[in-house]
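**Student:** query.pdb is reproduced below (PDB, C-alpha atoms).
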ATOM      1  CA  MET A 219     165.722 100.331-172.773
ATOM      2  CA  THR A 220     162.115  99.632-173.696
ATOM      3  CA  LEU A 221     160.503 102.991-174.314
ATOM      4  CA  VAL A 222     157.216 103.737-172.598
ATOM      5  CA  PRO A 223     154.860 105.238-175.219
ATOM      6  CA  LYS A 224     154.413 108.999-175.163
ATOM      7  CA  GLN A 225     150.903 110.292-174.577
ATOM      8  CA  GLY A 226     151.595 113.576-176.356
ATOM      9  CA  PRO A 227     154.366 115.687-177.910
ATOM     10  CA  VAL A 228     157.741 115.903-176.169
ATOM     11  CA  VAL A 229     160.431 118.553-176.720
ATOM     12  CA  ALA A 230     164.058 117.735-175.808
ATOM     13  CA  ILE A 231     166.560 120.509-175.036
ATOM     14  CA  ASP A 232     170.207 119.602-174.445
ATOM     15  CA  GLY A 233     173.486 121.470-174.132
ATOM     16  CA  PRO A 234     176.202 122.429-171.650
ATOM     17  CA  ALA A 235     175.715 124.618-168.594
ATOM     18  CA  GLY A 236     175.334 128.351-169.099
ATOM     19  CA  THR A 237     173.892 128.265-172.604
ATOM     20  CA  GLY A 238     170.501 129.530-171.462
ATOM     21  CA  LYS A 239     168.727 126.167-171.446
ATOM     22  CA  SER A 240     166.799 126.687-168.223
ATOM     23  CA  SER A 241     165.634 130.229-169.000
ATOM     24  CA  ALA A 242     164.738 129.338-172.588
ATOM     25  CA  THR A 243     162.912 126.200-171.488
ATOM     26  CA  LYS A 244     160.784 128.078-168.957
ATOM     27  CA  GLN A 245     159.744 130.696-171.489
ATOM     28  CA  LEU A 246     159.153 128.144-174.227
ATOM     29  CA  CYS A 247     156.900 126.155-171.875
ATOM     30  CA  ALA A 248     154.929 129.306-171.064
ATOM     31  CA  ARG A 249     154.439 130.117-174.743
ATOM     32  CA  LEU A 250     153.469 126.589-175.764
ATOM     33  CA  GLY A 251     151.515 125.757-172.612
ATOM     34  CA  PHE A 252     153.801 122.762-171.952
ATOM     35  CA  THR A 253     155.137 121.405-168.644
ATOM     36  CA  HIS A 254     158.830 121.842-167.794
ATOM     37  CA  VAL A 255     160.679 118.741-166.558
ATOM     38  CA  ASP A 256     164.112 119.970-165.384
ATOM     39  CA  THR A 257     166.218 116.798-165.339
ATOM     40  CA  GLY A 258     169.359 118.667-164.274
ATOM     41  CA  ALA A 259     167.568 119.758-161.101
ATOM     42  CA  LEU A 260     166.968 116.097-160.253
ATOM     43  CA  TYR A 261     170.694 115.286-160.383
ATOM     44  CA  ARG A 262     171.553 118.461-158.504
ATOM     45  CA  SER A 263     169.104 117.453-155.783
ATOM     46  CA  ILE A 264     170.767 114.059-155.431
ATOM     47  CA  ALA A 265     174.179 115.740-155.254
ATOM     48  CA  LEU A 266     172.929 118.085-152.528
ATOM     49  CA  LEU A 267     171.468 115.224-150.496
ATOM     50  CA  LEU A 268     174.708 113.233-150.860
ATOM     51  CA  ARG A 269     176.841 116.142-149.638
ATOM     52  CA  GLU A 270     174.603 116.551-146.627
ATOM     53  CA  SER A 271     174.494 112.830-145.833
ATOM     54  CA  LEU A 272     178.302 112.673-145.855
ATOM     55  CA  GLY A 273     178.720 115.922-143.911
ATOM     56  CA  MET A 274     181.033 117.230-146.644
ATOM     57  CA  THR A 275     179.272 120.394-147.774
ATOM     58  CA  GLY A 276     182.575 122.260-147.964
ATOM     59  CA  ALA A 277     184.559 119.605-149.828
ATOM     60  CA  PRO A 278     185.081 119.267-153.589
ATOM     61  CA  PRO A 279     183.699 116.105-155.224
ATOM     62  CA  GLU A 280     187.247 114.948-155.995
ATOM     63  CA  ALA A 281     187.750 114.429-152.257
ATOM     64  CA  LEU A 282     185.246 111.572-152.213
ATOM     65  CA  SER A 283     186.140 107.942-152.644
ATOM     66  CA  ASP A 284     184.307 105.746-155.139
ATOM     67  CA  ILE A 285     182.607 103.999-152.232
ATOM     68  CA  GLN A 286     181.353 107.316-150.852
ATOM     69  CA  MET A 287     180.085 108.328-154.261
ATOM     70  CA  GLU A 288     178.141 105.094-154.542
ATOM     71  CA  GLY A 289     175.992 106.390-151.707
ATOM     72  CA  ALA A 290     174.380 108.545-154.363
ATOM     73  CA  VAL A 291     172.819 105.432-155.885
ATOM     74  CA  GLU A 292     170.824 104.664-152.746
ATOM     75  CA  ILE A 293     169.796 108.303-152.483
ATOM     76  CA  ALA A 294     168.664 108.313-156.117
ATOM     77  CA  ARG A 295     166.609 105.179-155.553
ATOM     78  CA  GLY A 296     165.006 106.328-152.326
ATOM     79  CA  ALA A 297     164.657 110.113-152.616
ATOM     80  CA  HIS A 298     161.226 111.580-153.334
ATOM     81  CA  LEU A 299     161.810 114.235-155.975
ATOM     82  CA  GLU A 300     159.106 116.351-157.561
ATOM     83  CA  PHE A 301     158.328 119.657-159.222
ATOM     84  CA  ARG A 302     155.709 121.995-157.799
ATOM     85  CA  ARG A 303     154.426 125.225-159.282
ATOM     86  CA  ASP A 304     154.167 128.264-157.019
ATOM     87  CA  VAL A 305     153.036 131.305-158.969
ATOM     88  CA  ASN A 306     153.868 133.550-156.001
ATOM     89  CA  ARG A 307     157.576 132.693-156.029
ATOM     90  CA  ASN A 308     160.454 132.995-158.467
ATOM     91  CA  PRO A 309     161.160 130.629-160.082
ATOM     92  CA  SER A 310     157.603 129.326-160.070
ATOM     93  CA  ASN A 311     158.700 125.768-160.925
ATOM     94  CA  ARG A 312     159.997 124.698-157.506
ATOM     95  CA  VAL A 313     162.141 121.624-156.844
ATOM     96  CA  TRP A 314     161.296 119.539-153.781
ATOM     97  CA  ALA A 315     163.453 116.763-152.330
ATOM     98  CA  ASN A 316     162.124 114.609-149.512
ATOM     99  CA  GLY A 317     159.476 117.188-148.641
ATOM    100  CA  ARG A 318     161.831 120.186-148.710
ATOM    101  CA  ASP A 319     162.128 123.040-151.192
ATOM    102  CA  VAL A 320     165.737 122.944-152.471
ATOM    103  CA  THR A 321     165.281 125.236-155.480
ATOM    104  CA  GLU A 322     167.907 127.790-154.453
ATOM    105  CA  GLU A 323     170.272 125.384-152.692
ATOM    106  CA  ILE A 324     170.911 123.268-155.783
ATOM    107  CA  ARG A 325     171.998 126.243-157.931
ATOM    108  CA  THR A 326     175.382 126.965-156.331
ATOM    109  CA  PRO A 327     178.648 126.391-158.271
ATOM    110  CA  GLU A 328     179.684 123.783-155.685
ATOM    111  CA  VAL A 329     176.558 121.686-156.138
ATOM    112  CA  SER A 330     177.013 122.036-159.896
ATOM    113  CA  MET A 331     180.440 120.392-159.706
ATOM    114  CA  TRP A 332     179.133 117.637-157.434
ATOM    115  CA  SER A 333     176.237 117.083-159.793
ATOM    116  CA  SER A 334     178.583 116.478-162.715
ATOM    117  CA  ARG A 335     180.284 113.615-160.888
ATOM    118  CA  VAL A 336     177.087 112.208-159.392
ATOM    119  CA  SER A 337     175.332 112.166-162.762
ATOM    120  CA  ALA A 338     178.146 110.027-164.208
ATOM    121  CA  ILE A 339     177.393 107.138-161.823
ATOM    122  CA  PRO A 340     175.554 104.380-163.765
ATOM    123  CA  GLY A 341     173.307 103.439-160.850
ATOM    124  CA  VAL A 342     172.176 107.041-160.397
ATOM    125  CA  ARG A 343     171.376 107.477-164.083
ATOM    126  CA  SER A 344     169.483 104.183-164.140
ATOM    127  CA  ALA A 345     167.375 105.219-161.156
ATOM    128  CA  GLN A 346     166.622 108.631-162.639
ATOM    129  CA  LEU A 347     166.003 107.474-166.185
ATOM    130  CA  ALA A 348     162.716 105.797-165.339
ATOM    131  CA  LEU A 349     161.543 108.853-163.384
ATOM    132  CA  GLN A 350     162.447 111.271-166.171
ATOM    133  CA  ARG A 351     160.752 109.096-168.751
ATOM    134  CA  ARG A 352     157.608 108.787-166.624
ATOM    135  CA  LEU A 353     157.417 112.538-166.005
ATOM    136  CA  GLY A 354     157.854 113.313-169.688
ATOM    137  CA  CYS A 355     155.616 110.647-171.192
ATOM    138  CA  VAL A 356     152.433 112.404-170.115
ATOM    139  CA  GLY A 357     153.036 114.573-173.168
ATOM    140  CA  ARG A 358     153.059 118.300-173.848
ATOM    141  CA  THR A 359     156.324 118.404-171.919
ATOM    142  CA  VAL A 360     159.739 119.968-172.394
ATOM    143  CA  LEU A 361     162.701 118.122-170.893
ATOM    144  CA  GLU A 362     166.006 119.887-170.415
ATOM    145  CA  GLY A 363     169.366 118.285-169.701
ATOM    146  CA  ARG A 364     172.443 116.848-171.392
ATOM    147  CA  ASP A 365     171.280 113.465-172.672
ATOM    148  CA  ILE A 366     167.559 113.983-173.246
ATOM    149  CA  GLY A 367     167.610 113.676-177.021
ATOM    150  CA  THR A 368     170.125 110.824-177.034
ATOM    151  CA  VAL A 369     169.143 108.649-174.057
ATOM    152  CA  VAL A 370     166.019 109.710-172.165
ATOM    153  CA  PHE A 371     163.862 110.656-175.143
ATOM    154  CA  PRO A 372     165.521 109.533-178.383
ATOM    155  CA  ASP A 373     161.944 109.547-179.719
ATOM    156  CA  ALA A 374     161.297 113.211-178.801
ATOM    157  CA  ASP A 375     159.180 114.992-181.385
ATOM    158  CA  ILE A 376     161.675 117.850-181.738
ATOM    159  CA  LYS A 377     165.174 118.234-180.301
ATOM    160  CA  PHE A 378     167.306 121.310-179.653
ATOM    161  CA  PHE A 379     170.975 121.551-178.662
ATOM    162  CA  LEU A 380     172.001 124.961-177.266
ATOM    163  CA  THR A 381     175.635 126.089-177.261
ATOM    164  CA  ALA A 382     177.629 129.207-176.320
ATOM    165  CA  THR A 383     181.297 130.072-175.872
ATOM    166  CA  PRO A 384     182.906 129.425-172.455
ATOM    167  CA  ASP A 385     183.613 133.152-172.059
ATOM    168  CA  GLU A 386     179.992 134.117-172.642
ATOM    169  CA  ARG A 387     178.727 131.411-170.313
ATOM    170  CA  ALA A 388     181.117 132.533-167.557
ATOM    171  CA  ARG A 389     179.937 136.142-167.961
ATOM    172  CA  ARG A 390     176.308 135.063-167.689
ATOM    173  CA  ARG A 391     176.930 132.949-164.598
ATOM    174  CA  LEU A 392     178.878 135.728-162.877
ATOM    175  CA  ALA A 393     176.112 138.237-163.567
ATOM    176  CA  GLU A 394     173.499 135.783-162.283
ATOM    177  CA  LEU A 395     175.344 135.217-159.004
ATOM    178  CA  GLN A 396     176.012 138.914-158.483
ATOM    179  CA  ALA A 397     172.406 139.844-159.227
ATOM    180  CA  GLY A 398     171.256 137.309-156.653
ATOM    181  CA  GLY A 399     173.576 138.750-154.029
ATOM    182  CA  LYS A 400     175.445 135.446-153.735
ATOM    183  CA  PRO A 401     179.221 135.083-153.195
ATOM    184  CA  ALA A 402     180.762 134.713-156.642
ATOM    185  CA  PRO A 403     184.109 133.284-157.774
ATOM    186  CA  SER A 404     186.173 135.319-160.209
ATOM    187  CA  PHE A 405     185.443 135.266-163.943
ATOM    188  CA  GLU A 406     188.546 133.124-164.481
ATOM    189  CA  GLU A 407     187.463 130.609-161.840
ATOM    190  CA  LEU A 408     183.966 130.357-163.284
ATOM    191  CA  ARG A 409     185.336 129.871-166.795
ATOM    192  CA  ALA A 410     187.668 127.127-165.567
ATOM    193  CA  GLN A 411     184.758 125.415-163.794
ATOM    194  CA  ILE A 412     182.667 125.569-166.974
ATOM    195  CA  VAL A 413     185.424 124.050-169.121
ATOM    196  CA  GLU A 414     186.020 121.345-166.507
ATOM    197  CA  ARG A 415     182.299 120.588-166.342
ATOM    198  CA  ASP A 416     182.078 120.338-170.135
ATOM    199  CA  GLN A 417     184.961 117.899-170.252
ATOM    200  CA  ALA A 418     183.454 115.779-167.482
ATOM    201  CA  ASP A 419     179.999 115.721-169.070
ATOM    202  CA  ALA A 420     181.250 114.952-172.565
ATOM    203  CA  GLY A 421     183.832 112.414-171.455
ATOM    204  CA  ARG A 422     181.833 110.295-169.036
ATOM    205  CA  ALA A 423     181.355 106.655-169.956
ATOM    206  CA  VAL A 424     177.624 106.633-169.276
ATOM    207  CA  ALA A 425     175.305 108.846-171.364
ATOM    208  CA  PRO A 426     177.887 111.483-172.327
ATOM    209  CA  MET A 427     176.710 114.926-173.366
ATOM    210  CA  ARG A 428     176.487 115.139-177.143
ATOM    211  CA  ARG A 429     174.205 116.534-179.788
ATOM    212  CA  ALA A 430     171.704 114.052-181.172
ATOM    213  CA  GLU A 431     172.040 113.631-184.933
ATOM    214  CA  ASP A 432     168.542 115.011-185.491
ATOM    215  CA  ALA A 433     168.848 117.888-182.999
ATOM    216  CA  ILE A 434     168.702 121.519-184.120
ATOM    217  CA  GLU A 435     171.798 123.336-182.837
ATOM    218  CA  ILE A 436     171.441 126.971-181.758
ATOM    219  CA  ASP A 437     174.499 129.039-180.757
ATOM    220  CA  THR A 438     173.179 131.496-178.169
ATOM    221  CA  SER A 439     176.458 133.405-177.681
ATOM    222  CA  SER A 440     175.309 136.540-179.500
ATOM    223  CA  MET A 441     171.554 136.071-179.126
ATOM    224  CA  THR A 442     169.202 137.543-176.569
ATOM    225  CA  LEU A 443     166.976 135.219-174.605
ATOM    226  CA  GLU A 444     163.976 136.574-176.511
ATOM    227  CA  GLN A 445     165.631 135.719-179.834
ATOM    228  CA  VAL A 446     166.468 132.189-178.700
ATOM    229  CA  VAL A 447     162.958 131.488-177.425
ATOM    230  CA  ALA A 448     161.318 133.004-180.504
ATOM    231  CA  ARG A 449     163.422 130.777-182.769
ATOM    232  CA  MET A 450     162.645 127.661-180.763
ATOM    233  CA  GLU A 451     158.950 128.479-180.613
ATOM    234  CA  GLN A 452     158.782 129.001-184.370
ATOM    235  CA  LEU A 453     160.473 125.674-185.067
ATOM    236  CA  ALA A 454     158.479 123.774-182.437
ATOM    237  CA  ARG A 455     155.115 125.058-183.624
ATOM    238  CA  ALA A 456     155.956 124.184-187.227
ATOM    239  CA  LYS A 457     157.194 120.705-186.305
ATOM    240  CA  LEU A 458     154.372 119.867-183.869
ATOM    241  CA  GLY A 459     151.583 121.511-185.847
ATOM    242  CA  LEU A 460     150.618 123.845-183.016
TER     243      LEU A 460
END
Rewrite the coordinates I just gave you, this time as structure tokens.

**Tutor:**
Amino acid sequence: MTLVPKQGPVVAIDGPAGTGKSSATKQLCARLGFTHVDTGALYRSIALLLRESLGMTGAPPEALSDIQMEGAVEIARGAHLEFRRDVNRNPSNRVWANGRDVTEEIRTPEVSMWSSRVSAIPGVRSAQLALQRRLGCVGRTVLEGRDIGTVVFPDADIKFFLTATPDERARRRLAELQAGGKPAPSFEELRAQIVERDQADAGRAVAPMRRAEDAIEIDTSSMTLEQVVARMEQLARAKLGL
């Protein structure tokens, strides 16, 4: 891939689901005055649109044939995806797909599992790569995902890789769902989903999840969100000269 030149500093944050990437990214952006480009939300949006187009909102992704899954490629190429800020709503960084706010819809465990399979399709990743690169190249941006530091922005100015134990990540996800008043699977089911997602993300043939050699790894298992963000901010400011 020929890299489009960056117009300013770019921060890459990678790691598996449930490690606090999204929350840490939002707070880090607020502290640095950078823009948040949530790449995972883009894939989740495509997964949501695919489920709806197939009329299979209640089915697991394993139920789909390879031909059905390829429909995600056309969706990825044709969908209009964007981020909009709405300071009157939480979260303020809203995700819009084809003129519709899908911020809450894309955060269910079911869409998460669909997203893992959809994001492994080469045609989907190719379609999204150019968009992610374009959104990030404006500079003063933070991109969060699973292959930002290795594929999307191998030239990022500073890279982080967040980790946490499966048990801790399952506890966090369960608390998040319960706090939001949403139906929640059991702790054991959530943990199994997390382990399955990790294996799928790390084992896929295209852009597998892995820590970039020059990424700074932070284990968030026993850290508060404030501690994680403070550490990242300290390192980012030192590296970027802010």

**Student:** Grab the CA of Glu270 in chain A to CA of Arg387 in chain A distance for me, in Å with one decimal place.

**Tutor:** 28.3 Å

**Student:** So what do you get for CA of Trp314 in chain A versus CA of Thr381 in chain A, distance-wise?

**Tutor:** 28.3 Å

**Student:** Quick one: residues within 10 Å of Glu280 in chain A, only C-alpha atoms counted, chain neighbours fewer than 5 positions away excluded, as a ChimeraX atom specification?

**Tutor:** /A:287,331-332,335

**Student:** Which residue out of A:Pro223, A:Gly296, A:Pro327, A:Gly233 has the minimum interatomic distance to Ile436 in chain A when only C-alpha atoms are used?

**Tutor:**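 Residue with the minimum atom-to-atom distance to Ile436 in chain A: A:Gly233.
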
**Student:** Report the residues retrieved by the PyMOL selection byres ((chain A and resi 293) around 12) from the displayed file, expressed as a PyMOL selection string.

**Tutor:** chain A and resi 260-272+286-292+294-299+315-316+336+341-343+345-346

**Student:** Please report the interatomic distance between CA of Ala235 in chain A and CA of Val222 in chain A in Å with one decimal.

**Tutor:**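 Taking CA of Ala235 in chain A as the start and CA of Val222 in chain A as the end point, the length is 28.2 Å.
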
**Student:** From the list A:Gln225, A:Thr243, A:Ser330, A:Thr368, which residue is nearest Val424 in chain A when using all atoms listed in the file?

**Tutor:**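 Of all the options, A:Thr368 lies closest to Val424 in chain A.
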
**Student:** Enumerate, as an NGL selection string, the protein, DNA and RNA residues whose atoms approach (171.1, 130.2, -182.0) to within 9 Å, taking into account only C-alpha atoms and the coordinate frame of the file.

**Tutor:** :A and (380-382 or 435-441 or 445-446 or 449-450)

**Student:** For Glu362 in chain A, which residue among A:Ala448, A:Ala277, A:Leu250, A:Ala230 is the nearest when counting all atoms listed in the file?

**Tutor:**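 Closest to Glu362 in chain A of all the choices is A:Ala230.
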